[in-house]
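Below: input33.cif (mmCIF, C-alpha atoms)
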```
data_input
#
loop_
_atom_site.label_atom_id
_atom_site.label_comp_id
_atom_site.auth_asym_id
_atom_site.auth_seq_id
_atom_site.Cartn_x
_atom_site.Cartn_y
_atom_site.Cartn_z
CA MET H 1 -9.99 5.47 22.27
CA ARG H 2 -10.49 5.31 18.53
CA ALA H 3 -11.47 8.58 16.89
CA ASP H 4 -14.73 7.24 15.44
CA ALA H 5 -15.82 5.84 18.81
CA LYS H 6 -15.00 9.15 20.47
CA VAL H 7 -17.02 11.09 17.88
CA LEU H 8 -19.97 8.71 18.27
CA LEU H 9 -20.01 9.01 22.06
CA GLU H 10 -19.78 12.80 21.81
CA ARG H 11 -22.69 12.88 19.38
CA LEU H 12 -24.71 10.67 21.70
CA GLY H 13 -23.79 12.88 24.65
CA LYS H 14 -22.57 9.86 26.55
CA SER H 15 -19.45 9.86 28.63
CA ASP H 16 -20.05 6.95 31.00
CA PHE H 17 -19.49 4.05 28.62
CA ARG H 18 -16.78 1.56 29.42
CA TYR H 19 -14.67 1.45 26.31
CA ARG H 20 -12.69 -1.58 25.27
CA GLU H 21 -10.86 -2.13 22.01
CA PHE H 22 -10.58 -5.71 20.79
CA VAL H 23 -7.22 -6.30 19.22
CA ASP H 24 -6.01 -9.71 18.17
CA ARG H 25 -2.56 -10.38 19.50
CA PHE H 26 -0.25 -12.30 17.23
CA ALA H 27 -0.33 -15.19 19.68
CA ASP H 28 -4.11 -15.40 19.25
CA LEU H 29 -4.09 -15.66 15.48
CA GLU H 30 -5.79 -18.70 14.10
CA SER H 31 -4.14 -21.25 11.89
CA TRP H 32 -5.21 -20.11 8.47
CA PRO H 33 -3.47 -22.27 5.85
CA ILE H 34 -2.94 -19.24 3.61
CA PHE H 35 -0.64 -17.80 6.29
CA GLU H 36 1.32 -21.05 6.41
CA ALA H 37 1.60 -21.11 2.63
CA LEU H 38 2.97 -17.58 2.62
CA LEU H 39 5.46 -18.27 5.38
CA LYS H 40 6.74 -21.29 3.52
CA ASP H 41 7.23 -19.38 0.28
CA PRO H 42 10.96 -18.64 -0.11
CA ARG H 43 10.12 -15.28 -1.67
CA ILE H 44 8.46 -14.28 1.59
CA MET H 45 10.79 -15.86 4.05
CA PRO H 46 14.16 -17.42 3.27
CA GLN H 47 13.85 -21.14 3.87
CA GLU H 48 17.12 -21.33 5.73
CA GLU H 49 15.50 -19.15 8.39
CA VAL H 50 12.48 -21.46 8.53
CA SER H 51 14.85 -24.42 8.86
CA ALA H 52 16.79 -22.64 11.58
CA ILE H 53 13.61 -21.88 13.47
CA GLU H 54 12.40 -25.45 13.18
CA ALA H 55 15.78 -26.76 14.23
CA ALA H 56 15.76 -24.50 17.28
CA GLU H 57 13.06 -26.66 18.82
CA PRO H 58 13.78 -30.34 18.02
CA GLY H 59 10.32 -31.36 19.16
CA ASP H 60 8.81 -29.41 16.31
CA SER H 61 10.57 -31.37 13.60
CA ALA H 62 8.46 -34.45 14.25
CA ARG H 63 5.31 -32.44 13.81
CA MET H 64 6.33 -30.03 11.10
CA PRO H 65 6.28 -32.24 7.96
CA ALA H 66 2.50 -32.03 7.93
CA PRO H 67 2.06 -33.74 4.56
CA ARG H 68 -1.64 -32.91 4.45
CA ALA H 69 -0.90 -29.27 4.88
CA GLN H 70 1.65 -29.38 2.11
CA ALA H 71 -0.78 -31.07 -0.20
CA ARG H 72 -3.29 -28.39 0.53
CA ALA H 73 -0.85 -25.49 0.28
CA VAL H 74 -2.43 -22.64 -1.63
CA VAL H 75 0.79 -21.20 -2.99
CA ALA H 76 2.96 -23.53 -4.99
CA PRO H 77 6.62 -23.46 -3.97
CA ALA H 78 8.54 -20.85 -5.92
CA PRO H 79 11.34 -21.96 -8.22
CA ALA H 80 14.28 -23.04 -6.12
CA ALA H 81 16.78 -21.19 -8.28
CA ALA H 82 15.66 -17.64 -7.58
CA LYS H 83 17.68 -14.88 -9.16
CA PRO H 84 20.40 -13.68 -6.76
CA ARG H 85 18.95 -10.16 -6.58
CA GLU H 86 15.51 -11.50 -5.73
CA ALA H 87 16.90 -13.85 -3.14
CA GLU H 88 18.83 -10.99 -1.60
CA ALA H 89 15.75 -8.82 -1.55
CA ALA H 90 13.75 -11.53 0.16
CA ALA H 91 16.42 -12.11 2.75
CA SER H 92 16.92 -8.47 3.57
CA LEU H 93 13.37 -7.17 3.31
CA PHE H 94 10.86 -9.82 4.24
CA GLY H 95 13.21 -11.97 6.26
CA ARG H 96 12.75 -9.99 9.41
CA TYR H 97 12.62 -12.93 11.77
CA GLY H 98 16.25 -12.93 12.74
CA ARG H 99 15.26 -10.96 15.84
CA PRO H 100 14.52 -13.24 18.79
CA GLU H 101 10.95 -12.11 19.42
CA ARG H 102 10.00 -12.51 15.77
CA ALA H 103 11.63 -15.92 15.61
CA GLN H 104 9.56 -16.85 18.64
CA ASN H 105 6.42 -15.55 16.97
CA ILE H 106 6.88 -17.48 13.78
CA ARG H 107 7.95 -20.60 15.68
CA SER H 108 4.77 -20.35 17.67
CA LEU H 109 2.63 -19.86 14.59
CA LEU H 110 4.23 -22.72 12.69
CA GLN H 111 3.80 -25.02 15.68
CA ARG H 112 0.12 -24.15 16.01
CA LEU H 113 -0.37 -24.64 12.28
CA SER H 114 1.22 -28.05 12.58
CA ASP H 115 -0.84 -28.95 15.65
CA ALA H 116 -4.01 -27.92 13.86
CA VAL H 117 -3.17 -30.10 10.89
CA GLU H 118 -2.39 -33.06 13.13
CA GLY H 119 -5.61 -32.55 15.00
CA GLY H 120 -7.59 -32.40 11.78
CA ASP H 121 -8.61 -28.79 12.31
CA ALA H 122 -6.83 -27.42 9.28
CA MET M 1 10.34 16.59 -5.68
CA ALA M 2 9.18 12.97 -5.66
CA LEU M 3 7.12 10.33 -7.39
CA ILE M 4 4.87 8.07 -5.35
CA LEU M 5 3.36 5.05 -7.08
CA PHE M 6 0.11 3.44 -5.97
CA HIS M 7 -0.09 -0.07 -7.34
CA SER M 8 -1.61 -3.26 -6.02
CA PRO M 9 -1.05 -6.75 -7.41
CA ARG M 10 -4.77 -7.34 -7.10
CA GLY M 11 -7.71 -5.28 -8.38
CA GLY M 12 -10.48 -3.95 -6.17
CA THR M 13 -8.22 -2.92 -3.30
CA GLY M 14 -9.17 0.76 -3.31
CA ASN M 15 -5.96 1.77 -5.06
CA SER M 16 -7.41 4.85 -6.79
CA PHE M 17 -9.22 5.95 -3.65
CA LEU M 18 -6.05 5.72 -1.59
CA ALA M 19 -4.03 7.54 -4.26
CA ALA M 20 -6.59 10.36 -4.34
CA THR M 21 -6.99 10.76 -0.61
CA THR M 22 -3.25 10.55 0.00
CA ALA M 23 -2.70 13.23 -2.65
CA ILE M 24 -5.23 15.46 -0.88
CA ALA M 25 -3.66 14.79 2.52
CA LEU M 26 -0.20 15.63 1.20
CA SER M 27 -1.53 18.81 -0.36
CA ARG M 28 -3.02 19.82 2.98
CA ALA M 29 0.34 19.12 4.56
CA GLY M 30 1.78 21.83 2.33
CA HIS M 31 3.12 19.82 -0.57
CA ASP M 32 2.65 20.91 -4.17
CA VAL M 33 0.87 17.79 -5.43
CA THR M 34 -0.09 16.53 -8.87
CA ALA M 35 -2.17 13.35 -9.13
CA LEU M 36 -1.45 11.32 -12.24
CA ASP M 37 -4.01 8.87 -13.58
CA PHE M 38 -2.14 6.17 -15.45
CA ALA M 39 -5.18 3.91 -15.66
CA GLN M 40 -7.13 3.68 -18.89
CA SER M 41 -10.34 3.37 -16.90
CA GLY M 42 -9.76 6.88 -15.58
CA THR M 43 -11.59 6.42 -12.28
CA LEU M 44 -9.16 8.44 -10.18
CA GLN M 45 -11.08 11.64 -10.92
CA LEU M 46 -14.24 10.22 -9.35
CA HIS M 47 -12.56 10.45 -5.95
CA PHE M 48 -12.03 14.16 -6.57
CA GLY M 49 -15.69 14.64 -7.46
CA ILE M 50 -15.13 14.88 -11.20
CA GLY M 51 -17.60 12.93 -13.29
CA PRO M 52 -16.89 10.66 -16.24
CA GLY M 53 -18.02 13.34 -18.69
CA GLU M 54 -14.98 15.47 -17.99
CA ALA M 55 -11.58 14.51 -19.30
CA LEU M 56 -8.49 15.36 -17.31
CA PRO M 57 -5.81 17.34 -19.12
CA ALA M 58 -2.95 15.22 -20.33
CA LEU M 59 0.30 15.19 -18.43
CA ASP M 60 2.02 16.92 -21.32
CA ALA M 61 -0.79 19.41 -21.95
CA PRO M 62 0.03 23.12 -22.04
CA ALA M 63 -0.08 24.89 -18.69
CA GLU M 64 -3.10 27.03 -19.52
CA GLU M 65 -5.11 23.94 -20.45
CA ALA M 66 -4.15 22.13 -17.26
CA ALA M 67 -4.59 25.05 -14.88
CA SER M 68 -8.32 24.50 -14.31
CA ALA M 69 -8.01 20.86 -13.28
CA SER M 70 -7.24 21.31 -9.62
CA VAL M 71 -9.34 20.00 -6.75
CA GLN M 72 -8.61 20.55 -3.07
CA GLY M 73 -5.17 21.83 -3.95
CA VAL M 74 -4.27 18.80 -6.07
CA ALA M 75 -3.56 19.23 -9.77
CA LEU M 76 -5.03 16.40 -11.82
CA ARG M 77 -3.53 15.03 -15.01
CA SER M 78 -4.14 11.99 -17.15
CA ALA M 79 -1.00 10.09 -18.06
CA ALA M 80 -2.65 7.01 -19.56
CA ALA M 81 -2.18 8.04 -23.19
CA LEU M 82 1.34 9.31 -22.66
CA ALA M 83 2.39 6.08 -20.97
CA ARG M 84 1.22 4.11 -23.98
CA GLN M 85 3.25 6.04 -26.47
CA ASP M 86 6.05 4.09 -28.05
CA ASP M 87 8.69 6.49 -26.82
CA PHE M 88 7.50 6.69 -23.20
CA ALA M 89 10.28 4.49 -21.84
CA GLN M 90 12.85 6.39 -23.85
CA GLY M 91 11.40 9.68 -22.62
CA LEU M 92 11.82 8.53 -19.04
CA ALA M 93 15.34 7.30 -19.64
CA ALA M 94 16.34 10.50 -21.40
CA GLY M 95 14.88 12.69 -18.69
CA GLU M 96 12.33 14.27 -21.02
CA ILE M 97 9.69 12.94 -18.66
CA GLY M 98 11.00 13.54 -15.18
CA PHE M 99 9.72 13.83 -11.65
CA ASP M 100 12.53 15.79 -10.10
CA GLY M 101 10.94 19.23 -10.07
CA GLU M 102 9.40 20.91 -7.05
CA GLN M 103 6.10 19.06 -7.35
CA LEU M 104 5.17 15.83 -5.68
CA PHE M 105 3.57 13.36 -8.09
CA VAL M 106 1.11 10.72 -6.93
CA ALA M 107 0.55 8.07 -9.61
CA ASP M 108 -2.44 5.73 -9.79
CA ILE M 109 -1.51 2.57 -11.71
CA SER M 110 -3.94 -0.24 -12.56
CA SER M 111 -3.34 -3.55 -10.85
CA GLY M 112 -3.11 -5.29 -14.20
CA ASP M 113 -0.47 -2.90 -15.51
CA GLN M 114 2.54 -4.57 -13.93
CA HIS M 115 4.71 -3.55 -16.88
CA LEU M 116 4.07 0.15 -16.30
CA ARG M 117 4.69 -0.26 -12.59
CA ASP M 118 8.03 -1.94 -13.28
CA LEU M 119 8.87 0.79 -15.78
CA LEU M 120 8.16 3.63 -13.36
CA LEU M 121 9.53 2.06 -10.18
CA PRO M 122 13.17 3.08 -10.81
CA TYR M 123 12.05 6.70 -11.06
CA ALA M 124 9.85 6.56 -7.96
CA ASP M 125 10.84 7.47 -4.45
CA LEU M 126 8.09 5.42 -2.86
CA GLU M 127 5.58 2.75 -3.84
CA ILE M 128 2.45 2.14 -1.83
CA CYS M 129 0.81 -1.24 -2.28
CA PRO M 130 -2.76 -1.60 -0.97
CA LEU M 131 -3.80 -5.07 0.13
CA THR M 132 -7.16 -6.38 1.22
CA ALA M 133 -7.86 -9.09 3.75
CA THR M 134 -8.67 -11.82 1.28
CA ALA M 135 -6.73 -14.97 0.49
CA GLU M 136 -6.84 -13.99 -3.18
CA CYS M 137 -4.97 -10.79 -2.43
CA LEU M 138 -2.55 -12.21 0.13
CA MET M 139 -1.43 -14.94 -2.22
CA MET M 140 -0.17 -12.21 -4.58
CA LEU M 141 2.27 -11.02 -1.94
CA PRO M 142 5.23 -13.13 -3.10
CA ALA M 143 4.86 -11.67 -6.58
CA VAL M 144 5.24 -8.15 -5.19
CA ASN M 145 8.55 -9.20 -3.73
CA ASP M 146 9.84 -10.36 -7.11
CA ALA M 147 10.75 -6.85 -8.20
CA GLY M 148 12.38 -5.94 -4.91
CA LEU M 149 10.83 -4.00 -2.08
CA ALA M 150 13.30 -1.29 -1.23
CA LYS M 151 10.76 1.42 -2.07
CA THR M 152 7.57 -0.43 -1.25
CA ARG M 153 5.28 0.10 1.71
CA PHE M 154 1.92 -1.59 2.28
CA VAL M 155 -1.51 -0.49 3.41
CA MET M 156 -4.35 -2.75 4.51
CA SER M 157 -7.39 -1.45 2.69
CA MET M 158 -11.12 -1.96 3.19
CA VAL M 159 -10.56 -3.49 6.61
CA GLU M 160 -13.63 -4.67 8.46
CA ASP M 161 -12.41 -5.11 12.00
CA THR M 162 -15.58 -6.97 12.95
CA ARG M 163 -14.46 -9.73 10.59
CA ARG M 164 -12.19 -12.37 12.06
CA PHE M 165 -10.04 -13.01 8.99
CA ALA M 166 -9.56 -9.28 8.45
CA ARG M 167 -8.25 -8.81 11.99
CA HIS M 168 -6.02 -11.85 11.72
CA SER M 169 -4.68 -10.70 8.36
CA VAL M 170 -3.77 -7.31 9.79
CA GLY M 171 -2.00 -9.02 12.71
CA PHE M 172 -0.21 -11.43 10.41
CA LEU M 173 0.97 -8.71 8.03
CA ARG M 174 2.00 -6.47 10.91
CA GLU M 175 4.34 -9.22 12.07
CA LEU M 176 5.53 -10.06 8.59
CA LEU M 177 6.03 -6.53 7.28
CA GLY M 178 6.82 -4.56 10.41
CA ASP M 179 7.33 -0.89 9.59
CA ARG M 180 6.60 -1.59 5.95
CA LEU M 181 2.92 -1.77 6.83
CA LEU M 182 2.03 1.91 6.98
CA GLY M 183 -1.45 1.44 8.36
CA GLN M 184 -4.98 0.34 7.62
CA VAL M 185 -8.05 1.97 6.15
CA ARG M 186 -11.46 0.73 7.19
CA ARG M 187 -14.16 -0.30 4.75
CA ASP M 188 -16.64 2.51 4.57
CA GLU M 189 -19.83 2.76 2.55
CA SER M 190 -19.33 6.51 2.43
CA VAL M 191 -16.53 6.06 -0.09
CA ILE M 192 -18.90 4.44 -2.56
CA GLU M 193 -21.62 6.98 -1.89
CA ALA M 194 -19.27 9.95 -2.27
CA CYS M 195 -18.22 8.68 -5.71
CA ALA M 196 -21.84 8.23 -6.70
CA MET M 197 -22.56 11.78 -5.55
CA LEU M 198 -19.54 13.04 -7.53
CA GLN M 199 -18.15 14.61 -4.40
CA PRO M 200 -14.81 14.24 -2.66
CA LEU M 201 -15.17 12.11 0.45
CA GLY M 202 -14.12 14.99 2.71
CA ARG M 203 -17.07 17.03 1.49
CA TYR M 204 -19.67 14.26 1.35
CA ALA M 205 -18.83 12.55 4.65
CA PRO M 206 -16.43 14.63 6.73
CA HIS M 207 -16.79 12.22 9.65
CA SER M 208 -16.14 9.15 7.55
CA ALA M 209 -14.06 6.45 9.21
CA ALA M 210 -12.15 5.85 5.99
CA LEU M 211 -11.40 9.56 5.71
CA ALA M 212 -9.92 9.63 9.21
CA ASP M 213 -7.80 6.62 8.33
CA THR M 214 -6.57 8.13 5.09
CA ILE M 215 -5.65 11.37 6.84
CA ALA M 216 -3.53 9.33 9.23
CA LEU M 217 -2.07 7.47 6.25
CA GLY M 218 -1.24 10.77 4.56
CA GLU M 219 0.60 11.90 7.67
CA SER M 220 2.59 8.66 7.70
CA VAL M 221 3.46 9.07 4.03
CA ALA M 222 4.48 12.71 4.60
CA ASP M 223 6.76 11.68 7.47
CA LEU M 224 8.21 8.88 5.38
CA LEU M 225 8.90 11.26 2.51
CA VAL M 226 10.84 13.54 4.81
CA ASP M 227 13.09 10.61 5.73
CA ILE M 228 13.43 9.41 2.13
CA LEU M 229 14.19 12.81 0.66
CA ASP M 230 16.55 13.66 3.49
CA ALA M 231 18.40 10.42 2.88
CA ASP M 232 18.53 11.12 -0.85
CA GLY M 233 19.56 14.74 -0.35
CA GLY M 234 16.45 15.63 -2.35
CA ALA M 235 14.61 18.86 -2.82
CA PRO M 236 13.53 20.78 0.31
CA LEU M 237 10.13 20.08 1.81
CA PRO M 238 7.19 22.47 2.22
CA ASP M 239 8.54 24.42 5.17
CA ASP M 240 11.40 25.48 2.97
CA THR M 241 9.45 25.92 -0.24
CA ALA M 242 7.13 28.84 0.40
CA GLY M 243 7.80 30.13 -3.08
CA ALA M 244 7.10 26.87 -4.85
CA ALA M 245 5.21 27.00 -8.12
CA PRO M 246 1.43 26.45 -7.94
CA ALA M 247 0.18 22.91 -8.41
CA GLY M 248 -0.03 21.89 -12.03
CA GLN M 249 2.33 24.54 -13.30
CA PRO M 250 4.64 23.03 -15.87
CA GLY M 251 8.28 22.78 -15.07
CA LYS M 252 11.23 22.28 -17.29
CA ASN M 253 10.29 18.86 -18.60
CA ARG M 254 7.29 17.06 -20.06
CA ALA M 255 6.00 15.81 -16.73
CA ALA M 256 6.56 18.73 -14.41
#
```
Using structure tokens, write down the structure that the file contains.
Amino acid sequence: MRADAKVLLERLGKSDFRYREFVDRFADLESWPIFEALLKDPRIMPQEEVSAIEAAEPGDSARMPAPRAQARAVVAPAPAAAKPREAEAAASLFGRYGRPERAQNIRSLLQRLSDAVEGGDA
Amino acid sequence: MALILFHSPRGGTGNSFLAATTAIALSRAGHDVTALDFAQSGTLQLHFGIGPGEALPALDAPAEEAASASVQGVALRSAAALARQDDFAQGLAAGEIGFDGEQLFVADISSGDQHLRDLLLPYADLEICPLTATAECLMMLPAVNDAGLAKTRFVMSMVEDTRRFARHSVGFLRELLGDRLLGQVRRDESVIEACAMLQPLGRYAPHSAALADTIALGESVADLLVDILDADGGAPLPDDTAGAAPAGQPGKNRAA
């Protein structure tokens, strides 16, 4: 139980409430285009990892181009020729999706972003 | 002992508030803490209950002048003027301004002062970057990465967990940043009211949600510092420094 909820219940003298904390799981996140724009920024995530993730599920490649989404991207693509030190920093610090469960997470998010664009929801 | 920078790429993220409350939390954890206000606006002192009519002693002020500026165990100094002196960078490089004494320095840097942040980062042990759950703030994230992130940790600030985008942003950044996201601090009207009352938040609203969050953040930062300083072979931490100099007491260089 969160500390503030506990304090409130104590102050109210109530102990018979059913307490439930609403936490959004990553799988439940909605397809906000700003998230997609960030994930597609090479300074956030090395693009070879994005390509590898997309390639891991061939079915995604047909859906991923999402030209409308690209046209609406909030963040413009960073310069392709990033300084080596910056590229290294991005790969080693933000590029955390080499682990299987994170690769699965980002694959799932990218797919839902793409589906939303195709369906006209994004 | 260490220099901790607070700097956000976007204004209005509660940077000064988080710097102040983290400084207080670290002081309570036994550290000898000095809070440095590098911002020309000088709003850091509001979070210690010091009004705009009082000027903080300068970082390089004599010890007797600086001794009185201590709130909740945290020594307060203004470093805005010093940082704008022509020889500030040279002073840092030459070690005339150093942060390697027994004190722990917490620096509040304006969001717009990227140059100062870049200048101080090599001398810092840790940088804490507050973010808010807005697209305007999130889109600055790639720019933070430009300077490298080896020392940088993030905090979600002013979180309203009843708001959908705020919850989703926290979830997104938790996945993206992993352990680099130290925690979140909820939006709390008490923070604004405490400043208006010229009182520290802990005195004005001891049951504040934001206060509870910042105490937890302070504990995370303290734990992180132990790891960082251990890895660096740095100065011993509070358990080993019972005889440390009082907060604000000058050391052997201009900053300490």
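When CA of Asp118 in chain M is paired with CA of Leu82 in chain M, their separation reads 16.1 Å.
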For chain M against chain H, which residues fall within 7 Å using all atoms listed in the file, given as a PDB file with C-alpha atoms, keeping the file's coordinate frame?
```pdb
ATOM      1  CA  ALA M 135      -6.730 -14.970   0.490  1.00  0.00           C
ATOM      2  CA  MET M 139      -1.430 -14.940  -2.220  1.00  0.00           C
ATOM      3  CA  PRO M 142       5.230 -13.130  -3.100  1.00  0.00           C
ATOM      4  CA  ASN M 145       8.550  -9.200  -3.730  1.00  0.00           C
ATOM      5  CA  ASP M 146       9.840 -10.360  -7.110  1.00  0.00           C
ATOM      6  CA  GLY M 148      12.380  -5.940  -4.910  1.00  0.00           C
ATOM      7  CA  LEU M 149      10.830  -4.000  -2.080  1.00  0.00           C
ATOM      8  CA  ARG M 167      -8.250  -8.810  11.990  1.00  0.00           C
ATOM      9  CA  HIS M 168      -6.020 -11.850  11.720  1.00  0.00           C
ATOM     10  CA  GLY M 171      -2.000  -9.020  12.710  1.00  0.00           C
ATOM     11  CA  PHE M 172      -0.210 -11.430  10.410  1.00  0.00           C
ATOM     12  CA  LEU M 176       5.530 -10.060   8.590  1.00  0.00           C
ATOM     13  CA  LEU M 177       6.030  -6.530   7.280  1.00  0.00           C
ATOM     14  CA  ALA M 209     -14.060   6.450   9.210  1.00  0.00           C
TER      15      ALA M 209
END
```
Using all atoms listed in the file - which residues lie no farther than 12 Å from the point (-5.8, 20.2, -4.0) in the file's frame? Write them as an MDAnalysis selection string. chainID M and resid 20:35 48:49 67:76 104 200 202 246:248
List the spatial neighbours of Leu225 in chain M as a ChimeraX atom specification - criterion: any atom at most 9 Å away, only C-alpha atoms, same-chain residues fewer than 2 positions off excluded. /M:2,125-126,220-223,227-230,237
Keeping only C-alpha atoms, take the residues you just selected and write them out as a PDB file, in the coordinates of the input.
```pdb
ATOM      1  CA  ALA M   2       9.180  12.970  -5.660  1.00  0.00           C
ATOM      2  CA  ASP M 125      10.840   7.470  -4.450  1.00  0.00           C
ATOM      3  CA  LEU M 126       8.090   5.420  -2.860  1.00  0.00           C
ATOM      4  CA  SER M 220       2.590   8.660   7.700  1.00  0.00           C
ATOM      5  CA  VAL M 221       3.460   9.070   4.030  1.00  0.00           C
ATOM      6  CA  ALA M 222       4.480  12.710   4.600  1.00  0.00           C
ATOM      7  CA  ASP M 223       6.760  11.680   7.470  1.00  0.00           C
ATOM      8  CA  ASP M 227      13.090  10.610   5.730  1.00  0.00           C
ATOM      9  CA  ILE M 228      13.430   9.410   2.130  1.00  0.00           C
ATOM     10  CA  LEU M 229      14.190  12.810   0.660  1.00  0.00           C
ATOM     11  CA  ASP M 230      16.550  13.660   3.490  1.00  0.00           C
ATOM     12  CA  LEU M 237      10.130  20.080   1.810  1.00  0.00           C
TER      13      LEU M 237
END
```
Residue IDs satisfying the PyMOL selection byres ((chain M and resi 5) around 8), as a ChimeraX atom specification: /M:3-4,6-7,106-109,117,121,124,126-128
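You will find CA of Thr152 in chain M at 7.4 Å from CA of Arg180 in chain M.
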Considering only C-alpha atoms, state which residue in the set M:Ile97, M:Leu138, M:Gly112, M:Pro122 is at the smallest distance from Glu36 in chain H. M:Leu138
What does the distance between CA of Ser16 in chain M and CA of Lys6 in chain H come to in Å, to one decimal place?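 Going from CA of Ser16 in chain M over to CA of Lys6 in chain H covers 28.6 Å.
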When the PyMOL selection byres ((chain M and resi 199) around 8) is applied to the file above, which residues end up in the set, as a PyMOL selection string? chain M and resi 46-50+194-198+200-201+203-204
Of the residues M:Ala19, M:Leu59, M:Ala79, M:Ala166, which is the one nearest to Asp37 in chain M, using all atoms listed in the file?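 Going through M:Ala19, M:Leu59, M:Ala79, M:Ala166 one by one, the smallest distance to Asp37 in chain M is for M:Ala79.
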